[in-house]
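K.L.:
Once you've had a glance at the structure underneath, I'll fire off some questions.
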Amino acid sequence: MSSAASQTPRDEIIEGLNAILGEGRVRVDEDSLQTFGRDWTKAWQPAPLAIALPKSVDEVQAVVKLANQLNFAIVPSGGRTGLSGGAVAANGEVVVAFDLMNQIRDFDPIDRTAVCGAGVITEQLQHFAEEQGLFYPVDFASAGSSQIGGNIATNAGGIKVLRWGMTRDWVAGLTVVTGSGEVLELNRGLLKNNAGYDLRQLFIGAEGTLGLIVEATMQFTRPPKDLTALVLGVENFDGIMNLFNRFQSQMDLTAFEFFSEKALQKVVAHSGLPRPFEEPCPYYALLEFERLNDEVEAQAMTLFEDCVEEGWVLDGVMSHSLEQLKNLWRLREDISETISQWTPYKNDISTVISKVPGFLSDVESLVNASYPDFEIIWFGHIGDGNLHLNILKPDSLDKETFFAQCGEVSKGVFDIVQRYGGSVSAEHGVGLLKKDYLGYSRSAQEVALMKQVKQVFDPNGVMNPGKIFD
Ligand SMILES: O=C(O)CC[C@@H](O)C(=O)O
Ligand SMILES: [Zn+2]
């Protein structure tokens with residue numbers, strides 16, 4: 001099936017959904033269609049046919065079977081905080097939203113796992129782990145609204161990947177409904193399971209194109225001790241990399257992020273938060289570590305002083321309370337939401353860490369020359385080799401012209417990404433936004449194989465059609 005709307009009459013589809021879910025959990029009012037039909041990209045006009053709110057795996061399975069029978073497309077929907085249009089329904093699809101499947105059950109203190117419905121909110125899972133004296137480490141600014149199902153479908157990363165990895169690393173088991181309506185229980189929480197292919201991994205990051213994630217067994221770990229942040233002002237990108245190497249070689253960091261003075265100015269103006277220190281610096285690095293004892297803190301101070309002496313660091317501040325830690329983090333975490341008012345054109349690019357300096361300077365020269373009149377906001381997860389490059393839309397330009405101009409420059413950016421063996425989507429997925437550029441990071445053979453995999457799990461093409469590839 002193509003991404004075009006179903007030929008089955010609308011009423012027949014809605015009647016079928018009502019028969020499974022009851023009228024209260026099938027929404028067709030304009031408000032719901034607009035809300036559930038979009039994610040944070042806001043570039044596409046939502047136009048779903050209906051919103052389905054199942055409460056159980058059986059109901060999800062029945063909806064998927066109905067989709068195959070009546071030939072309509074399904075768009076899975078979590079917290080809709082995605083940035084690549086993966087959860088956009090702009091083509092008469094049925095949105096399956098997991099908000100009502102938000103229970104956490106079967107916590108096991110020995111395995112350190114619990115089973116979550118797809119609609120469990122990230123923060124809910126973090127709090128649940130805390131209540132058990134444990135820790136769920138995947139974290140990002142949208143943790144208050146993103147849902148576990150969506151996190152898994154996009155293999156969400158965030159601000160602690162350097163130490164704790166991406167969502168994939170915390171999924172011990174998955175229950176999915178495939179595109180053809182089969183329920184599969186994948187891996188069942190096992191730590192060791194080499195009995196054939198690990199199909200669980202295929203569904204993680206597949207953006208709902210193979211099937212729907214309905215439940216997940218999530219892994220927890222021990223909580224970190226006394227997290228402490230340093231924000232350091234830096235003259236240039238080389239300084240950031242030098243200081244990363246120096247700290248990383250001598251300490252276990254839990255995060256190493258960066259942002260530019262421009263990004264900081266916008267956040268400070270928007271939030272009223274204090275600047276980290278008075279002197280403005282072109283760039284800032286945010287480092288975090290566990291303050292296991294006084295020696296660790298003293299070591300961080302010594303490294304900081306070394307970096308000042310080397311001329312890499314201009315100024316710095318260290319958190320000494322939870323509140324200071326949170327405020328320093330907000331300087332970095334609030335960037336994305338703060339700049340959303342300028343309708344930014346987003347890039348989420350990566351390369352291996354050793355190549356970051358050359359990669360950064362090549363991308364920077366290109367965008368500075370290509371966008372002389374646009375504001376450019378740099379930030380990202382430098383410790384993961386993942387950079388976020390946001391171009392802000394000037395008020396004088398309409399959205400279409402702006403995005404078209406940026407799209408042209410993107411080809412140059414992605415040429416550089418390709419030269420460095422990098423990724424056109426480090427952590428935000430492909431969705432609708434990046435599918436034209438997939439070929440810069442994936443070979444034709446890989447894409448052909450991905451399409452064959454989709455065919456196996458979703459033979460009628462009902463699952464999130466038109467996302468990742470056509
Ligand atoms: O808005 C962006 O470009 C990045 C969002 C998110 O991945 C972040 O790192 O803050
Ligand atoms: Zn990010």
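Residue names in the structure tokens use chain letters A, B, ... in the order shown, residue numbers from 1 in each chain, and ligand numbers from 1 in the order shown.
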If you run DSSP on the backbone here, which positions in range 283-453 of chain A get strand (DSSP E or B)? Please write them as a PyMOL selection string.
P.N.:
chain A and resi 283-290+313-318+345-350+375-381+386-392+423+425
K.L.:
Residues as selected, N, CA and C atoms, written as a tab-separated table (two decimals), in the first residue's frame, can you do that?
P.N.:
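So out-v9.tsv came out as:
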chain	number	residue	atom	x	y	z
A	283	TYR	N	32.08	29.64	23.12
A	283	TYR	CA	31.44	28.33	23.33
A	283	TYR	C	31.53	27.93	24.79
A	284	TYR	N	30.65	26.98	25.14
A	284	TYR	CA	30.67	26.44	26.51
A	284	TYR	C	30.63	24.92	26.44
A	285	ALA	N	31.36	24.29	27.35
A	285	ALA	CA	31.25	22.84	27.49
A	285	ALA	C	30.60	22.57	28.83
A	286	LEU	N	29.67	21.60	28.85
A	286	LEU	CA	29.07	21.17	30.12
A	286	LEU	C	29.54	19.74	30.37
A	287	LEU	N	30.29	19.57	31.44
A	287	LEU	CA	30.79	18.24	31.81
A	287	LEU	C	30.08	17.81	33.07
A	288	GLU	N	29.84	16.53	33.17
A	288	GLU	CA	29.23	16.04	34.42
A	288	GLU	C	29.97	14.78	34.86
A	289	PHE	N	30.10	14.64	36.17
A	289	PHE	CA	30.76	13.44	36.71
A	289	PHE	C	30.13	13.10	38.05
A	290	GLU	N	30.41	11.89	38.52
A	290	GLU	CA	29.93	11.49	39.84
A	290	GLU	C	30.97	11.92	40.87
A	313	VAL	N	40.60	26.93	28.23
A	313	VAL	CA	39.41	27.34	28.99
A	313	VAL	C	39.59	28.76	29.50
A	314	LEU	N	38.53	29.58	29.33
A	314	LEU	CA	38.61	30.98	29.72
A	314	LEU	C	38.05	31.22	31.11
A	315	ASP	N	37.04	30.48	31.45
A	315	ASP	CA	36.41	30.64	32.77
A	315	ASP	C	35.58	29.39	33.06
A	316	GLY	N	35.10	29.25	34.28
A	316	GLY	CA	34.31	28.04	34.57
A	316	GLY	C	33.60	28.13	35.90
A	317	VAL	N	32.64	27.23	36.08
A	317	VAL	CA	31.89	27.16	37.34
A	317	VAL	C	31.52	25.70	37.61
A	318	MET	N	31.47	25.36	38.91
A	318	MET	CA	31.12	23.99	39.27
A	318	MET	C	29.88	24.01	40.16
A	345	TYR	N	15.46	25.30	11.23
A	345	TYR	CA	15.77	24.16	10.35
A	345	TYR	C	16.82	23.35	11.09
A	346	LYS	N	16.52	22.07	11.32
A	346	LYS	CA	17.34	21.28	12.22
A	346	LYS	C	18.28	20.33	11.51
A	347	ASN	N	19.46	20.18	12.06
A	347	ASN	CA	20.37	19.12	11.65
A	347	ASN	C	20.81	18.37	12.89
A	348	ASP	N	20.91	17.07	12.74
A	348	ASP	CA	21.27	16.20	13.87
A	348	ASP	C	22.31	15.22	13.33
A	349	ILE	N	23.55	15.70	13.23
A	349	ILE	CA	24.55	14.95	12.47
A	349	ILE	C	25.64	14.38	13.39
A	350	SER	N	26.29	13.34	12.92
A	350	SER	CA	27.33	12.75	13.78
A	350	SER	C	28.48	12.18	12.95
A	375	GLU	N	20.74	33.33	11.44
A	375	GLU	CA	21.38	33.02	12.73
A	375	GLU	C	21.61	31.52	12.84
A	376	ILE	N	22.82	31.15	13.25
A	376	ILE	CA	23.15	29.73	13.36
A	376	ILE	C	23.40	29.38	14.82
A	377	ILE	N	22.71	28.37	15.28
A	377	ILE	CA	22.84	27.96	16.70
A	377	ILE	C	23.46	26.57	16.75
A	378	TRP	N	24.63	26.50	17.36
A	378	TRP	CA	25.32	25.22	17.54
A	378	TRP	C	25.17	24.72	18.97
A	379	PHE	N	24.87	23.46	19.09
A	379	PHE	CA	24.94	22.81	20.40
A	379	PHE	C	24.98	21.31	20.16
A	380	GLY	N	25.06	20.55	21.22
A	380	GLY	CA	25.00	19.11	21.00
A	380	GLY	C	25.80	18.30	21.98
A	381	HIS	N	25.90	17.03	21.62
A	381	HIS	CA	26.48	16.02	22.50
A	381	HIS	C	27.87	15.70	21.99
A	386	ASN	N	27.98	13.90	18.29
A	386	ASN	CA	26.65	14.28	17.75
A	386	ASN	C	26.43	15.79	17.89
A	387	LEU	N	26.29	16.46	16.75
A	387	LEU	CA	26.14	17.91	16.76
A	387	LEU	C	24.74	18.31	16.29
A	388	HIS	N	24.17	19.29	16.97
A	388	HIS	CA	22.90	19.86	16.52
A	388	HIS	C	23.18	21.24	15.94
A	389	LEU	N	22.80	21.38	14.68
A	389	LEU	CA	23.01	22.64	13.98
A	389	LEU	C	21.62	23.17	13.65
A	390	ASN	N	21.23	24.25	14.27
A	390	ASN	CA	19.90	24.81	14.03
A	390	ASN	C	20.05	26.15	13.32
A	391	ILE	N	19.33	26.31	12.23
A	391	ILE	CA	19.33	27.58	11.49
A	391	ILE	C	18.00	28.26	11.79
A	392	LEU	N	18.05	29.50	12.25
A	392	LEU	CA	16.81	30.17	12.65
A	392	LEU	C	16.21	30.95	11.48
A	423	SER	N	26.53	10.22	10.14
A	423	SER	CA	25.10	9.94	10.01
A	423	SER	C	24.31	11.24	9.82
A	425	SER	N	21.26	11.39	10.60
A	425	SER	CA	20.36	11.46	11.74
A	425	SER	C	20.97	10.67	12.89
K.L.:
Using only C-alpha atoms, which protein or nucleic acid residues come within 12 Å of Ser396 in chain A? Drop anything in the same chain fewer than 5 positions from it, and give the result as a PDB file with C-alpha atoms, in the first residue's frame.
P.N.:
ATOM      1  CA  TRP A 342      12.119  30.833  15.315  1.00  0.00           C
ATOM      2  CA  ASP A 373      22.133  36.323   6.821  1.00  0.00           C
ATOM      3  CA  PHE A 374      20.749  33.590   9.051  1.00  0.00           C
ATOM      4  CA  THR A 401      11.188  29.560   1.106  1.00  0.00           C
ATOM      5  CA  PHE A 402      13.301  29.243   4.245  1.00  0.00           C
TER       6      PHE A 402
END
K.L.:
Please list as a PyMOL selection string every residue within 8 Å of range 138-144 of chain A, counting only C-alpha atoms and excluding residues in the same chain fewer than 2 positions away.
P.N.:
chain A and resi 81+121-124+136+146-147+157-161+164-167+333-334
K.L.:
Need to verify the contact set: Gln299 in chain A, 10 Å, only C-alpha atoms, exclusion of same-chain residues closer than 4 positions in sequence. Can you return it as a list in words?
P.N.:
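My list of contacting residues is Phe247, Gln250, Met251, Asp294, Glu295, Leu303, Phe304 and Glu305 of chain A.
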K.L.:
Just checking: using only C-alpha atoms, which residue out of A:Gly412, A:Tyr420, A:Asn187, A:Tyr371 ends up closest to Phe359 in chain A?
P.N.:
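Distance minimum relative to Phe359 in chain A lands on A:Tyr420.
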K.L.:
I'd like the contact shell of range 49-62 of chain A - 6 Å cut-off, only C-alpha atoms, skipping same-chain residues fewer than 5 positions apart - returned as JSON, numbers by chain.
P.N.:
{"A": [25, 26, 27, 28, 92, 93, 94, 95, 96, 97, 100, 101, 181]}
K.L.:
Please produce an output containing N, CA and C atoms for each residue in the selection, written as a short mmCIF file (atom, residue, chain, number, x, y, z; two decimals), in the first residue's frame.
P.N.:
data_model
loop_
_atom_site.label_atom_id
_atom_site.label_comp_id
_atom_site.auth_asym_id
_atom_site.auth_seq_id
_atom_site.Cartn_x
_atom_site.Cartn_y
_atom_site.Cartn_z
N ARG A 25 -13.27 5.86 22.70
CA ARG A 25 -11.83 5.78 22.46
C ARG A 25 -11.47 5.82 20.97
N VAL A 26 -12.42 6.31 20.19
CA VAL A 26 -12.13 6.62 18.78
C VAL A 26 -12.49 8.09 18.61
N ARG A 27 -11.49 8.92 18.37
CA ARG A 27 -11.79 10.35 18.32
C ARG A 27 -11.69 10.86 16.88
N VAL A 28 -12.65 11.69 16.52
CA VAL A 28 -12.64 12.26 15.17
C VAL A 28 -12.84 13.78 15.20
N GLY A 92 -4.65 11.02 5.96
CA GLY A 92 -5.83 10.18 6.19
C GLY A 92 -5.55 8.89 6.94
N GLU A 93 -4.48 8.86 7.73
CA GLU A 93 -4.15 7.64 8.48
C GLU A 93 -4.96 7.56 9.78
N VAL A 94 -4.94 6.38 10.38
CA VAL A 94 -5.49 6.21 11.73
C VAL A 94 -4.31 6.30 12.70
N VAL A 95 -4.37 7.25 13.60
CA VAL A 95 -3.31 7.39 14.60
C VAL A 95 -3.64 6.45 15.76
N VAL A 96 -2.68 5.59 16.10
CA VAL A 96 -2.86 4.74 17.28
C VAL A 96 -2.02 5.36 18.39
N ALA A 97 -2.71 5.93 19.37
CA ALA A 97 -2.03 6.64 20.46
C ALA A 97 -2.03 5.76 21.71
N LEU A 100 -3.26 5.53 26.92
CA LEU A 100 -3.99 4.76 27.94
C LEU A 100 -3.25 3.47 28.33
N MET A 101 -2.16 3.18 27.65
CA MET A 101 -1.38 1.98 28.00
C MET A 101 -0.15 2.45 28.78
N GLY A 181 -0.18 -8.10 12.09
CA GLY A 181 -1.10 -8.35 13.21
C GLY A 181 -0.71 -9.51 14.11
#
K.L.:
Which one of A:Ile152, A:Leu449, A:Val456, A:Met241 sits closest to Glu207 in chain A if you count only C-alpha atoms?
P.N.:
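With only C-alpha atoms as the atom set, the closest residue is A:Ile152.
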K.L.:
Enumerate, as a list in words, the complete set of residues in range 354-399 of chain A that a backbone-based DSSP assignment places in alpha helix (DSSP H).
P.N.:
Val356, Pro357, Gly358, Phe359, Leu360, Ser361, Asp362, Val363, Glu364, Ser365, Leu366, Val367, Asn368, Ala369, Ser370 and Lys399 of chain A
K.L.:
Keeping N, CA and C atoms for every residue in the selection just given, could you write it to a file as a CSV table (one decimal), in the first residue's frame?
P.N.:
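Done, and the output landed in selection_26.csv:
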chain,number,residue,atom,x,y,z
A,356,VAL,N,35.7,14.4,14.9
A,356,VAL,CA,34.8,15.6,15.2
A,356,VAL,C,35.5,16.9,14.9
A,357,PRO,N,36.8,17.2,15.2
A,357,PRO,CA,37.3,18.5,15.0
A,357,PRO,C,37.3,18.9,13.5
A,358,GLY,N,37.8,18.0,12.6
A,358,GLY,CA,37.8,18.3,11.2
A,358,GLY,C,36.4,18.5,10.7
A,359,PHE,N,35.5,17.6,11.1
A,359,PHE,CA,34.1,17.6,10.7
A,359,PHE,C,33.4,18.9,11.0
A,360,LEU,N,33.6,19.3,12.3
A,360,LEU,CA,33.0,20.5,12.8
A,360,LEU,C,33.5,21.7,12.0
A,361,SER,N,34.8,21.8,11.7
A,361,SER,CA,35.3,23.0,11.1
A,361,SER,C,34.9,23.0,9.6
A,362,ASP,N,34.8,21.8,8.9
A,362,ASP,CA,34.3,21.8,7.6
A,362,ASP,C,32.8,22.2,7.5
A,363,VAL,N,32.0,21.7,8.4
A,363,VAL,CA,30.5,22.1,8.4
A,363,VAL,C,30.4,23.6,8.7
A,364,GLU,N,31.2,24.0,9.7
A,364,GLU,CA,31.1,25.4,10.1
A,364,GLU,C,31.4,26.4,8.9
A,365,SER,N,32.5,26.0,8.2
A,365,SER,CA,32.9,26.9,7.1
A,365,SER,C,31.8,26.9,6.1
A,366,LEU,N,31.2,25.8,5.8
A,366,LEU,CA,30.2,25.7,4.8
A,366,LEU,C,28.9,26.5,5.2
A,367,VAL,N,28.5,26.3,6.4
A,367,VAL,CA,27.2,27.0,6.8
A,367,VAL,C,27.5,28.5,7.0
A,368,ASN,N,28.6,28.9,7.5
A,368,ASN,CA,28.9,30.3,7.6
A,368,ASN,C,28.9,31.0,6.2
A,369,ALA,N,29.4,30.3,5.2
A,369,ALA,CA,29.5,30.9,3.9
A,369,ALA,C,28.1,30.8,3.2
A,370,SER,N,27.3,29.8,3.6
A,370,SER,CA,26.0,29.6,2.9
A,370,SER,C,24.9,30.4,3.5
A,399,LYS,N,8.0,30.3,5.6
A,399,LYS,CA,8.5,29.0,6.1
A,399,LYS,C,9.0,28.2,4.9
K.L.:
Do a neighbour search on Pro46 in chain A at 12 Å with only C-alpha atoms, toss out local chain neighbours closer than 2 positions, and write the hits as a VMD selection string.
P.N.:
chain A and resid 30 to 44 48 to 51 75 85 87 to 95
K.L.:
Emit the selected residues as a short mmCIF file (atom, residue, chain, number, x, y, z; two decimals), in the first residue's frame, including N, CA and C atoms.
P.N.:
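Below you can see again_21.cif, which holds the result:
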data_model
loop_
_atom_site.label_atom_id
_atom_site.label_comp_id
_atom_site.auth_asym_id
_atom_site.auth_seq_id
_atom_site.Cartn_x
_atom_site.Cartn_y
_atom_site.Cartn_z
N GLU A 30 -11.99 17.69 15.44
CA GLU A 30 -10.90 18.41 14.80
C GLU A 30 -9.73 18.66 15.76
N ASP A 31 -10.07 18.98 16.99
CA ASP A 31 -9.05 19.26 17.99
C ASP A 31 -8.11 18.05 18.18
N SER A 32 -8.73 16.87 18.35
CA SER A 32 -7.92 15.66 18.54
C SER A 32 -7.10 15.35 17.28
N LEU A 33 -7.73 15.53 16.10
CA LEU A 33 -7.00 15.22 14.86
C LEU A 33 -5.76 16.11 14.74
N GLN A 34 -5.93 17.38 15.08
CA GLN A 34 -4.80 18.32 15.00
C GLN A 34 -3.73 18.00 16.05
N THR A 35 -4.19 17.63 17.24
CA THR A 35 -3.22 17.38 18.32
C THR A 35 -2.45 16.09 18.08
N PHE A 36 -3.17 15.02 17.78
CA PHE A 36 -2.52 13.71 17.67
C PHE A 36 -1.86 13.49 16.31
N GLY A 37 -2.13 14.37 15.37
CA GLY A 37 -1.61 14.14 14.01
C GLY A 37 -0.25 14.75 13.75
N ARG A 38 0.34 15.36 14.77
CA ARG A 38 1.63 16.03 14.50
C ARG A 38 2.63 15.74 15.61
N ASP A 39 3.91 16.02 15.32
CA ASP A 39 4.93 15.98 16.37
C ASP A 39 5.53 17.38 16.48
N TRP A 40 6.72 17.46 17.07
CA TRP A 40 7.29 18.81 17.30
C TRP A 40 7.83 19.48 16.05
N THR A 41 7.85 18.75 14.92
CA THR A 41 8.39 19.38 13.71
C THR A 41 7.49 20.50 13.20
N LYS A 42 6.21 20.33 13.33
CA LYS A 42 5.20 21.32 12.91
C LYS A 42 5.33 21.76 11.45
N ALA A 43 6.07 20.98 10.64
CA ALA A 43 6.24 21.38 9.24
C ALA A 43 5.11 20.85 8.36
N TRP A 44 4.38 19.84 8.83
CA TRP A 44 3.32 19.24 8.01
C TRP A 44 1.96 19.51 8.63
N PRO A 48 -5.18 13.34 9.91
CA PRO A 48 -5.52 11.93 10.12
C PRO A 48 -7.02 11.69 9.96
N LEU A 49 -7.38 10.42 9.82
CA LEU A 49 -8.79 10.08 9.67
C LEU A 49 -9.46 9.96 11.04
N ALA A 50 -8.72 9.35 11.96
CA ALA A 50 -9.27 9.15 13.31
C ALA A 50 -8.12 8.87 14.27
N ILE A 51 -8.43 9.03 15.55
CA ILE A 51 -7.44 8.71 16.59
C ILE A 51 -7.98 7.52 17.39
N VAL A 75 -0.51 5.29 11.97
CA VAL A 75 0.64 6.06 12.46
C VAL A 75 0.69 5.90 13.98
N GLY A 85 9.36 14.19 12.10
CA GLY A 85 8.08 13.91 11.43
C GLY A 85 7.70 12.44 11.42
N ALA A 87 6.02 10.79 13.57
CA ALA A 87 4.67 10.55 14.10
C ALA A 87 3.64 11.48 13.45
N VAL A 88 3.99 12.03 12.28
CA VAL A 88 3.04 12.92 11.60
C VAL A 88 2.04 12.09 10.80
N ALA A 89 0.76 12.43 10.93
CA ALA A 89 -0.29 11.78 10.13
C ALA A 89 -0.92 12.86 9.26
N ALA A 90 -0.46 12.96 8.02
CA ALA A 90 -0.91 14.05 7.16
C ALA A 90 -1.70 13.53 5.97
N ASN A 91 -2.07 12.24 6.04
CA ASN A 91 -2.59 11.59 4.83
C ASN A 91 -3.76 10.65 5.08
N GLY A 92 -4.65 11.02 5.96
CA GLY A 92 -5.83 10.18 6.19
C GLY A 92 -5.55 8.89 6.94
N GLU A 93 -4.48 8.86 7.73
CA GLU A 93 -4.15 7.64 8.48
C GLU A 93 -4.96 7.56 9.78
N VAL A 94 -4.94 6.38 10.38
CA VAL A 94 -5.49 6.21 11.73
C VAL A 94 -4.31 6.30 12.70
N VAL A 95 -4.37 7.25 13.60
CA VAL A 95 -3.31 7.39 14.60
C VAL A 95 -3.64 6.45 15.76
#
K.L.:
Mind pulling up the distance from CA of Leu325 in chain A to atom 4 (C, counted along the ligand's line) of ligand 1?
P.N.:
20.4 Å
